[in-house]
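Student: Provided herewith: entry24.txt, compact mmCIF, C-alpha atoms.
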# COMPACT_ATOMS: atom_id res chain seq x y z
CA MET G 704 103.22 63.20 108.54
CA VAL G 705 100.25 64.69 106.78
CA ASP G 706 101.24 67.72 104.74
CA ILE G 707 98.76 70.41 105.74
CA PHE G 708 99.78 72.34 102.64
CA TYR G 709 98.78 69.50 100.36
CA PRO G 710 95.65 71.38 99.15
CA LEU G 711 97.88 74.23 97.92
CA GLN G 712 99.93 71.79 95.85
CA TRP G 713 96.66 70.44 94.47
CA ILE G 714 95.54 73.96 93.49
CA ALA G 715 98.94 74.73 91.95
CA ASP G 716 98.84 71.47 89.94
CA LYS G 717 95.26 72.08 88.77
CA LEU G 718 96.06 75.63 87.67
CA THR G 719 99.35 74.78 85.99
CA TYR G 720 98.35 71.66 84.08
CA GLY G 721 94.58 72.10 83.88
CA VAL G 722 93.67 75.79 83.60
CA PHE G 723 96.84 76.98 81.90
CA GLY G 724 97.29 73.70 80.04
CA ILE G 725 101.05 73.63 80.38
CA ALA G 726 102.59 70.26 79.59
CA PRO G 727 104.07 68.64 82.72
CA ASP G 728 107.80 68.00 82.92
CA THR G 729 108.67 71.19 81.08
CA HIS G 730 110.73 74.07 82.43
CA LEU G 731 107.71 76.35 82.14
CA ALA G 732 105.48 73.99 84.12
CA ALA G 733 108.07 73.69 86.89
CA SER G 734 108.38 77.49 87.12
CA VAL G 735 104.65 78.24 87.05
CA ASN G 736 103.87 75.50 89.55
CA PHE G 737 106.56 76.82 91.92
CA ILE G 738 105.25 80.38 91.64
CA ILE G 739 101.59 79.55 92.33
CA TYR G 740 102.36 77.19 95.21
CA ASP G 741 104.83 79.56 96.85
CA VAL G 742 102.72 82.71 96.57
CA LEU G 743 99.72 80.94 98.14
CA LYS G 744 101.72 79.33 100.90
CA ILE G 745 103.69 82.46 101.81
CA LEU G 746 100.61 84.67 101.90
CA ILE G 747 98.62 82.25 104.05
CA LEU G 748 101.41 81.77 106.58
CA LEU G 749 102.11 85.49 106.53
CA VAL G 750 98.54 86.33 107.53
CA VAL G 751 98.41 83.70 110.28
CA MET G 752 101.83 84.54 111.68
CA ILE G 753 101.50 88.33 111.64
CA PHE G 754 98.09 88.10 113.25
CA ALA G 755 99.38 85.88 116.05
CA VAL G 756 102.49 87.93 116.78
CA SER G 757 100.67 91.27 116.50
CA TYR G 758 98.12 90.03 118.99
CA ILE G 759 100.84 89.08 121.47
CA ARG G 760 102.50 92.41 120.80
CA THR G 761 99.52 94.36 122.13
CA TYR G 762 100.91 93.31 125.52
CA VAL G 763 104.54 94.24 124.81
CA THR G 764 105.26 97.90 124.07
CA PRO G 765 108.71 99.47 123.82
CA GLU G 766 107.78 101.64 126.82
CA LYS G 767 107.18 98.54 128.94
CA THR G 768 110.36 96.93 127.64
CA ARG G 769 112.26 100.02 128.68
CA LYS G 770 110.90 99.85 132.20
CA VAL G 771 111.53 96.10 132.53
CA LEU G 772 115.13 96.27 131.34
CA GLY G 773 116.17 99.54 132.99
CA GLY G 774 119.29 99.24 135.14
CA LYS G 775 119.48 95.46 134.82
CA THR G 776 122.63 93.49 134.26
CA GLY G 777 123.03 89.75 134.06
CA LEU G 778 122.93 87.33 131.18
CA GLN G 779 119.21 86.66 131.54
CA TYR G 780 118.47 90.29 130.66
CA TYR G 781 120.43 89.98 127.44
CA LEU G 782 118.24 87.02 126.58
CA LEU G 783 115.09 88.90 127.56
CA ALA G 784 116.14 91.94 125.52
CA SER G 785 116.88 89.76 122.53
CA MET G 786 113.51 87.99 122.77
CA LEU G 787 111.65 91.27 123.18
CA GLY G 788 113.55 92.53 120.14
CA ALA G 789 112.26 89.57 118.16
CA VAL G 790 108.62 90.52 118.75
CA THR G 791 109.13 94.29 118.47
CA PRO G 792 109.54 95.58 114.96
CA PHE G 793 110.65 99.07 114.17
CA CYS G 794 111.61 100.75 110.96
CA SER G 795 115.19 101.93 110.75
CA CYS G 796 114.02 105.51 111.27
CA SER G 797 113.02 104.58 114.83
CA SER G 798 116.34 102.99 115.75
CA VAL G 799 117.81 106.29 116.98
CA PRO G 800 114.97 107.32 119.31
CA LEU G 801 114.76 103.74 120.59
CA PHE G 802 118.46 103.65 121.26
CA ILE G 803 118.39 106.92 123.17
CA GLY G 804 115.28 105.89 125.07
CA PHE G 805 116.89 102.64 126.17
CA VAL G 806 120.23 104.14 127.15
CA GLU G 807 118.51 106.93 129.03
CA ALA G 808 116.46 104.43 131.03
CA GLY G 809 119.72 103.00 132.34
CA ILE G 810 119.60 99.89 130.19
CA PRO G 811 123.21 98.76 129.79
CA LEU G 812 124.69 99.35 126.34
CA GLY G 813 125.17 95.63 125.72
CA VAL G 814 121.54 94.82 126.59
CA THR G 815 120.40 97.63 124.30
CA PHE G 816 122.43 96.11 121.50
CA SER G 817 120.94 92.66 122.09
CA PHE G 818 117.56 94.25 121.41
CA LEU G 819 118.78 96.19 118.38
CA ILE G 820 120.51 93.20 116.80
CA THR G 821 117.61 90.76 117.11
CA SER G 822 114.79 93.10 116.22
CA PRO G 823 115.44 93.22 112.46
CA LEU G 824 116.94 89.72 112.39
CA VAL G 825 113.92 87.86 113.73
CA ASN G 826 110.53 89.17 112.72
CA GLU G 827 107.23 87.48 112.13
CA ALA G 828 107.05 88.19 108.39
CA ALA G 829 110.46 86.68 107.69
CA VAL G 830 109.69 83.72 109.93
CA ALA G 831 106.42 83.06 108.06
CA ALA G 832 108.11 83.27 104.68
CA LEU G 833 110.96 81.01 105.79
CA TRP G 834 108.52 78.48 107.15
CA ALA G 835 106.58 78.53 103.88
CA THR G 836 109.67 78.06 101.75
CA ILE G 837 112.37 76.09 103.51
CA GLY G 838 110.39 74.32 106.19
CA LEU G 839 109.67 74.45 109.87
CA LYS G 840 112.90 72.90 111.13
CA ALA G 841 115.23 75.35 109.39
CA THR G 842 112.94 78.21 110.46
CA LEU G 843 113.11 77.22 114.12
CA ILE G 844 116.88 76.96 113.90
CA TYR G 845 117.01 80.38 112.25
CA THR G 846 114.82 81.92 114.97
CA VAL G 847 116.66 80.40 117.92
CA SER G 848 120.09 81.21 116.53
CA GLY G 849 118.97 84.74 115.65
CA ILE G 850 117.96 85.31 119.27
CA LEU G 851 121.20 83.76 120.56
CA LEU G 852 123.19 85.89 118.13
CA GLY G 853 121.58 88.98 119.62
CA VAL G 854 122.49 87.79 123.13
CA PHE G 855 126.06 87.04 122.12
CA GLY G 856 126.62 90.26 120.15
CA GLY G 857 125.17 92.41 122.91
CA TYR G 858 127.14 90.56 125.57
CA ILE G 859 130.46 91.12 123.78
CA ILE G 860 129.68 94.80 123.29
CA GLY G 861 128.86 94.93 127.00
CA LEU G 862 132.18 93.30 127.90
CA LEU G 863 134.11 95.76 125.75
CA LYS G 864 132.74 98.68 127.80
CA MET G 865 132.16 100.94 124.84
CA GLU G 866 129.95 103.51 126.58
CA LYS G 867 132.34 106.32 125.70
CA TYR G 868 131.76 105.67 122.00
CA VAL G 869 128.15 106.73 122.27
CA ALA G 870 127.60 110.30 121.06
CA ASP G 871 127.75 112.62 124.06
CA PHE G 872 124.43 114.32 123.46
CA VAL G 873 122.62 111.02 124.00
CA TYR G 874 123.30 111.18 127.74
CA ASN G 875 121.90 114.70 127.95
CA ILE G 876 118.50 114.06 126.45
CA LYS G 877 115.70 113.83 128.90
CA VAL G 878 113.18 111.23 127.89
CA GLY G 879 109.71 112.09 129.09
CA ASP G 880 106.89 109.89 130.17
CA GLN G 881 104.10 109.46 127.70
CA ASN G 882 101.25 111.11 129.47
CA LYS G 883 99.07 108.58 127.75
CA LYS G 884 96.66 106.66 129.85
CA PRO G 885 97.37 102.97 129.56
CA GLU G 886 94.44 101.56 127.69
CA ALA G 887 92.80 98.44 128.94
CA LEU G 888 92.14 96.64 125.70
CA ASN G 889 89.64 93.87 125.37
CA MET G 890 90.07 90.85 123.15
CA LYS G 891 88.17 92.36 120.26
CA GLU G 892 90.28 95.53 120.31
CA ARG G 893 93.49 93.52 120.39
CA ALA G 894 92.26 91.44 117.47
CA THR G 895 91.39 94.61 115.53
CA ILE G 896 94.89 95.99 116.11
CA ALA G 897 96.39 92.68 115.02
CA PHE G 898 94.21 92.57 111.93
CA ASP G 899 95.13 96.14 110.96
CA ASN G 900 98.75 95.17 111.29
CA VAL G 901 98.25 92.17 109.00
CA LYS G 902 96.72 94.50 106.42
CA ASP G 903 99.57 97.01 106.78
CA ILE G 904 102.32 94.46 106.36
CA VAL G 905 100.68 92.46 103.59
CA GLU G 906 100.01 95.66 101.65
CA LYS G 907 103.66 96.54 102.03
CA VAL G 908 105.22 93.22 101.11
CA TRP G 909 102.93 91.42 98.66
CA LEU G 910 104.65 92.89 95.63
CA TYR G 911 108.10 91.88 96.89
CA VAL G 912 106.80 88.38 97.54
CA ILE G 913 105.50 88.09 94.00
CA ILE G 914 108.66 89.51 92.44
CA GLY G 915 110.85 87.27 94.61
CA VAL G 916 108.77 84.17 93.93
CA THR G 917 108.73 84.88 90.20
CA LEU G 918 112.50 85.23 90.03
CA GLY G 919 112.87 82.16 92.24
CA GLY G 920 110.38 80.28 90.04
CA ILE G 921 112.30 81.08 86.87
CA PHE G 922 115.53 79.92 88.46
CA HIS G 923 113.79 76.81 89.79
CA GLY G 924 112.42 75.87 86.39
CA TYR G 925 115.35 76.72 84.15
CA ALA G 926 118.64 76.48 86.08
CA PRO G 927 120.43 73.14 85.79
CA GLU G 928 120.08 70.76 88.73
CA GLY G 929 122.84 70.95 91.30
CA ILE G 930 124.48 73.96 89.68
CA LEU G 931 125.13 75.65 93.02
CA ALA G 932 126.25 72.50 94.81
CA GLN G 933 129.07 72.48 92.31
CA TYR G 934 130.32 76.02 93.01
CA ALA G 935 129.03 76.87 96.47
CA GLY G 936 128.73 73.48 98.15
CA LYS G 937 129.65 72.68 101.73
CA ASP G 938 133.21 71.77 100.80
CA ASN G 939 133.80 75.30 99.54
CA LEU G 940 134.68 76.96 102.84
CA LEU G 941 134.75 80.40 101.27
CA ALA G 942 131.08 80.22 100.27
CA VAL G 943 129.72 81.21 103.71
CA PRO G 944 131.90 84.30 104.24
CA ILE G 945 131.36 85.42 100.66
CA ALA G 946 127.57 85.05 101.01
CA VAL G 947 127.65 87.02 104.27
CA VAL G 948 129.88 89.78 102.96
CA ILE G 949 127.57 90.20 99.97
CA GLY G 950 124.53 90.23 102.26
CA VAL G 951 125.75 92.77 104.84
CA PRO G 952 125.56 96.04 102.87
CA LEU G 953 122.57 94.82 100.87
CA TYR G 954 119.42 96.68 101.78
CA SER G 955 116.66 94.66 100.36
CA ASN G 956 113.25 93.49 101.25
CA VAL G 957 113.80 90.16 102.89
CA MET G 958 110.35 89.00 101.79
CA GLY G 959 111.48 89.14 98.19
CA MET G 960 114.81 87.59 99.02
CA ILE G 961 113.49 84.47 100.76
CA PRO G 962 111.82 82.80 97.74
CA ILE G 963 114.90 83.51 95.65
CA VAL G 964 117.06 81.88 98.29
CA GLU G 965 114.64 78.94 98.39
CA SER G 966 115.22 78.31 94.70
CA LEU G 967 118.99 78.58 95.24
CA ILE G 968 118.73 75.90 97.94
CA GLY G 969 116.79 73.76 95.46
CA LYS G 970 119.77 73.92 93.13
CA GLY G 971 122.24 72.81 95.73
CA LEU G 972 123.10 75.86 97.85
CA PRO G 973 123.63 74.50 101.38
CA VAL G 974 120.85 75.61 103.77
CA GLY G 975 123.39 76.99 106.27
CA THR G 976 125.01 79.20 103.68
CA ALA G 977 121.58 80.38 102.55
CA LEU G 978 120.42 81.19 106.09
CA ALA G 979 123.66 83.03 106.83
CA PHE G 980 123.11 85.13 103.72
CA LEU G 981 119.55 85.98 104.79
CA MET G 982 120.75 86.86 108.28
CA ALA G 983 123.35 89.19 106.83
CA VAL G 984 120.75 90.88 104.64
CA THR G 985 118.33 91.47 107.53
CA ALA G 986 120.68 92.16 110.42
CA LEU G 987 122.89 94.83 108.92
CA SER G 988 122.40 97.35 106.18
CA LEU G 989 124.24 100.39 104.98
CA PRO G 990 121.33 102.83 105.45
CA GLU G 991 120.87 101.71 109.03
CA MET G 992 124.56 102.25 109.80
CA ILE G 993 124.29 105.76 108.40
CA ILE G 994 121.31 106.46 110.66
CA LEU G 995 123.07 105.00 113.70
CA LYS G 996 126.06 107.25 113.06
CA LYS G 997 123.97 110.00 114.65
CA VAL G 998 124.27 108.34 118.04
CA LEU G 999 127.28 106.05 117.78
CA LYS G 1000 130.88 106.93 117.12
CA ASN G 1001 132.66 105.12 114.29
CA GLU G 1002 134.56 102.80 116.63
CA LEU G 1003 131.34 101.42 118.08
CA ILE G 1004 129.68 101.04 114.69
CA GLY G 1005 132.78 99.20 113.49
CA VAL G 1006 132.75 96.82 116.45
CA PHE G 1007 129.00 96.26 116.06
CA VAL G 1008 129.30 95.39 112.36
CA LEU G 1009 132.35 93.22 112.93
CA ILE G 1010 130.83 91.22 115.79
CA VAL G 1011 127.56 90.63 113.98
CA THR G 1012 129.26 89.72 110.70
CA VAL G 1013 131.67 87.26 112.30
CA SER G 1014 128.86 85.70 114.37
CA ILE G 1015 126.74 85.21 111.28
CA ILE G 1016 129.62 83.54 109.43
CA PHE G 1017 130.12 81.10 112.31
CA THR G 1018 126.37 80.48 112.50
CA GLY G 1019 126.45 79.64 108.79
CA TYR G 1020 129.19 77.05 109.28
CA LEU G 1021 127.35 75.64 112.27
CA PHE G 1022 124.11 75.32 110.26
CA ASN G 1023 125.97 73.54 107.48
CA ILE G 1024 127.32 71.03 109.98
CA ILE G 1025 124.00 70.30 111.72
CA LEU G 1026 121.54 70.62 108.83
CA MET W 1102 93.56 122.34 118.75
CA LYS W 1103 97.21 121.61 118.09
CA ILE W 1104 98.13 118.37 116.38
CA GLU W 1105 101.78 117.38 116.43
CA ILE W 1106 103.13 114.61 114.25
CA LEU W 1107 106.34 113.21 115.65
CA GLY W 1108 108.81 111.59 113.31
CA THR W 1109 112.30 111.99 111.98
CA GLY W 1110 111.14 112.16 108.39
CA CYS W 1111 110.24 108.63 107.35
CA SER W 1112 107.61 107.85 104.75
CA LYS W 1113 105.12 106.72 107.38
CA CYS W 1114 105.38 110.13 109.07
CA ASN W 1115 104.52 111.90 105.85
CA LYS W 1116 101.60 109.56 105.34
CA THR W 1117 100.37 110.34 108.85
CA LYS W 1118 100.36 114.05 108.09
CA GLU W 1119 98.53 113.49 104.81
CA VAL W 1120 95.76 111.41 106.31
CA ILE W 1121 95.25 113.80 109.25
CA GLU W 1122 95.04 116.80 106.95
CA LYS W 1123 92.60 114.96 104.73
CA VAL W 1124 90.26 114.18 107.62
CA LEU W 1125 90.46 117.76 108.95
CA LYS W 1126 89.59 119.12 105.54
CA ASN W 1127 86.75 116.66 104.93
CA ASP W 1128 85.20 117.32 108.31
CA GLY W 1129 85.82 121.04 108.20
CA VAL W 1130 87.73 121.00 111.49
CA LYS W 1131 90.26 123.74 112.14
CA ALA W 1132 93.50 122.67 113.76
CA GLU W 1133 97.13 123.57 113.72
CA VAL W 1134 99.13 120.66 112.28
CA VAL W 1135 102.86 120.66 113.00
CA LYS W 1136 105.53 118.16 112.14
CA VAL W 1137 108.06 117.64 114.91
CA GLU W 1138 111.35 116.27 113.62
CA ASP W 1139 113.59 117.27 116.50
CA LEU W 1140 114.80 114.13 118.25
CA GLU W 1141 114.91 115.70 121.67
CA LYS W 1142 111.35 116.99 121.45
CA ILE W 1143 110.14 113.58 120.28
CA LEU W 1144 111.85 111.86 123.18
CA ASN W 1145 110.56 114.46 125.61
CA TYR W 1146 107.14 113.04 124.89
CA GLY W 1147 108.48 109.60 125.77
CA VAL W 1148 108.04 108.44 122.19
CA MET W 1149 110.60 105.96 120.87
CA ILE W 1150 108.82 104.51 117.86
CA THR W 1151 107.67 106.88 115.17
CA PRO W 1152 105.35 108.09 113.76
CA ALA W 1153 103.43 109.32 116.76
CA VAL W 1154 100.50 111.71 117.08
CA VAL W 1155 100.19 114.22 119.90
CA ILE W 1156 97.07 116.33 120.33
CA ASP W 1157 97.22 119.30 122.69
CA GLY W 1158 100.19 117.77 124.45
CA GLU W 1159 98.67 114.33 124.85
CA VAL W 1160 100.22 111.34 123.11
CA LYS W 1161 97.43 109.61 121.20
CA LEU W 1162 99.17 107.06 119.04
CA VAL W 1163 102.65 105.62 118.72
CA GLY W 1164 104.33 103.59 116.02
CA LYS W 1165 101.77 103.49 113.26
CA VAL W 1166 99.88 105.54 110.73
CA PRO W 1167 96.45 106.34 112.16
CA ASN W 1168 93.33 105.42 110.24
CA GLU W 1169 90.55 107.92 109.56
CA LYS W 1170 88.31 106.47 112.23
CA GLU W 1171 90.91 106.99 114.94
CA ILE W 1172 91.55 110.56 113.82
CA ARG W 1173 87.82 111.37 113.90
CA LYS W 1174 87.60 110.02 117.42
CA TRP W 1175 90.43 112.31 118.60
CA ILE W 1176 89.27 115.48 116.90
CA SER W 1177 85.69 115.11 118.06
CA GLN W 1178 86.70 114.98 121.71
Go through the file and emit its structure as structure tokens.
Tutor:
Amino acid sequence: MVDIFYPLQWIADKLTYGVFGIAPDTHLAASVNFIIYDVLKILILLVVMIFAVSYIRTYVTPEKTRKVLGGKTGLQYYLLASMLGAVTPFCSCSSVPLFIGFVEAGIPLGVTFSFLITSPLVNEAAVAALWATIGLKATLIYTVSGILLGVFGGYIIGLLKMEKYVADFVYNIKVGDQNKKPEALNMKERATIAFDNVKDIVEKVWLYVIIGVTLGGIFHGYAPEGILAQYAGKDNLLAVPIAVVIGVPLYSNVMGMIPIVESLIGKGLPVGTALAFLMAVTALSLPEMIILKKVLKNELIGVFVLIVTVSIIFTGYLFNIIL
Amino acid sequence: MKIEILGTGCSKCNKTKEVIEKVLKNDGVKAEVVKVEDLEKILNYGVMITPAVVIDGEVKLVGKVPNEKEIRKWISQ
């Protein structure tokens, strides 16, 4: 297969050995080469991916999602909610209004959770960075299993009938209709929105990408080969749960985390363990739990965290078996 | 004109207020700018993703910080 990213490797080689004049086969050369190649590749894929998904998103608003999912039960709606979650990003400060809006529209609690679980877990920026660093196959597996994890988690919460653990005031809020005329956008307007979104996200994450890639690059160049295979290899069954438990409370920019994880994989960390760690970092975070406490009672938050954590651990084992 | 900025206090909401106030000042337009942080009021407008901008009771923008061009378009109407 032709490597479409070959030109980037060529640029990285030229800069490292030619412009900077670093002797090949040194730790420094390996680090610098890794950093240049990764920054270029991540940024290019980031722009392409965010543009594409943002363009699609001009057709999918949370208001539409709410109408489509209202009052629906059945496994297919869990899947739909999870997939809509994947293309709808929201910052953690919007999780409370979204939650109330969904519940108020008569969307079953479990379906609402499918949306809430997948939305942070699968997003276009993380997918682009994963693709750039650990390859298309692992990225597709991450995306599909992230969506299935949302379906599964939401479905279990639905089965447990936990409606009474939602804060009472939630059921009393009346959600209005946006008296906003639906705009008929043309292609150019959609493209402008998508382009603005690319600018927004890239402005927000570029620094994390560079910091993450730099740390990853240093590790890549200087850490001994296979160091992680020795301590956290597939035969160490504790590695996956430990990675997940570390990742859960961590609130970090996943864009910075991905290149670091890439370098860990390079030194022998199994891909499944690495992906499980990334899932744990993105899916759950302490600040988000604190925000959700406004609308969920402790029992429901506990069940939510437990289900997602256990699912991610099993996903990690599964990845390690199939990858 | 009454401009309401809906948001539960995230950084994007503050940025929205800043940019709106900047445009109003630059263009010499008088308007009352209010931040709405009450969840119920935000949801009453049907807004689930913040920040959002409401002008004279009409939802203009949801889920992102407006740019100066958009703001000018709203305040000139």
Student: Please provide as a ChimeraX atom specification all residues within 7 Å of region 1141-1151 of chain W, with the sequence filter that same-chain residues fewer than 2 positions apart are discarded (counting only C-alpha atoms).
Tutor: /G:793,797,800-801,804,876-881 /W:1107-1108,1139,1153,1163-1164
Student: Write out as a PDB file with C-alpha atoms, keeping the file's coordinate frame which residues come within 9 Å of Gly1110 (chain W) when counting only C-alpha atoms, dropping same-chain ones fewer than 3 positions away.
Tutor:
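Heads up, here's the output in selection.pdb:
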ATOM      1  CA  CYS G 796     114.020 105.510 111.270  1.00  0.00           C
TER       2      CYS G 796
ATOM      3  CA  LEU W1107     106.340 113.210 115.650  1.00  0.00           C
ATOM      4  CA  LYS W1113     105.120 106.720 107.380  1.00  0.00           C
ATOM      5  CA  CYS W1114     105.380 110.130 109.070  1.00  0.00           C
ATOM      6  CA  ASN W1115     104.520 111.900 105.850  1.00  0.00           C
ATOM      7  CA  GLU W1138     111.350 116.270 113.620  1.00  0.00           C
ATOM      8  CA  PRO W1152     105.350 108.090 113.760  1.00  0.00           C
TER       9      PRO W1152
END
Student: Find the axis-aligned box for region 795-801 of chain G, covering all its listed atoms and adding 6 Å on each side, and write its centre and edge lengths in Å to one decimal as lines of an AutoDock Vina configuration file.
Tutor:
center_x = 115.4
center_y = 104.6
center_z = 115.7
size_x = 16.8
size_y = 17.4
size_z = 21.8
Student: Find the residues near Ile1156 (chain W): any atom within 7 Å, counting all atoms listed in the file, skip ones fewer than 6 places away on the same chain, and give them as a list in words.
Tutor: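 The neighbour list is Lys1103, Ile1104 and Glu1105 of chain W.
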Student: Taking (100.0, 93.5, 120.3) in the file's coordinates as the center, which residues reach within 12 Å of it, counting all atoms listed in the file, put as a PyMOL selection string?
Tutor: (chain G and resi 753-765+790-792+888-901) or (chain W and resi 1164)
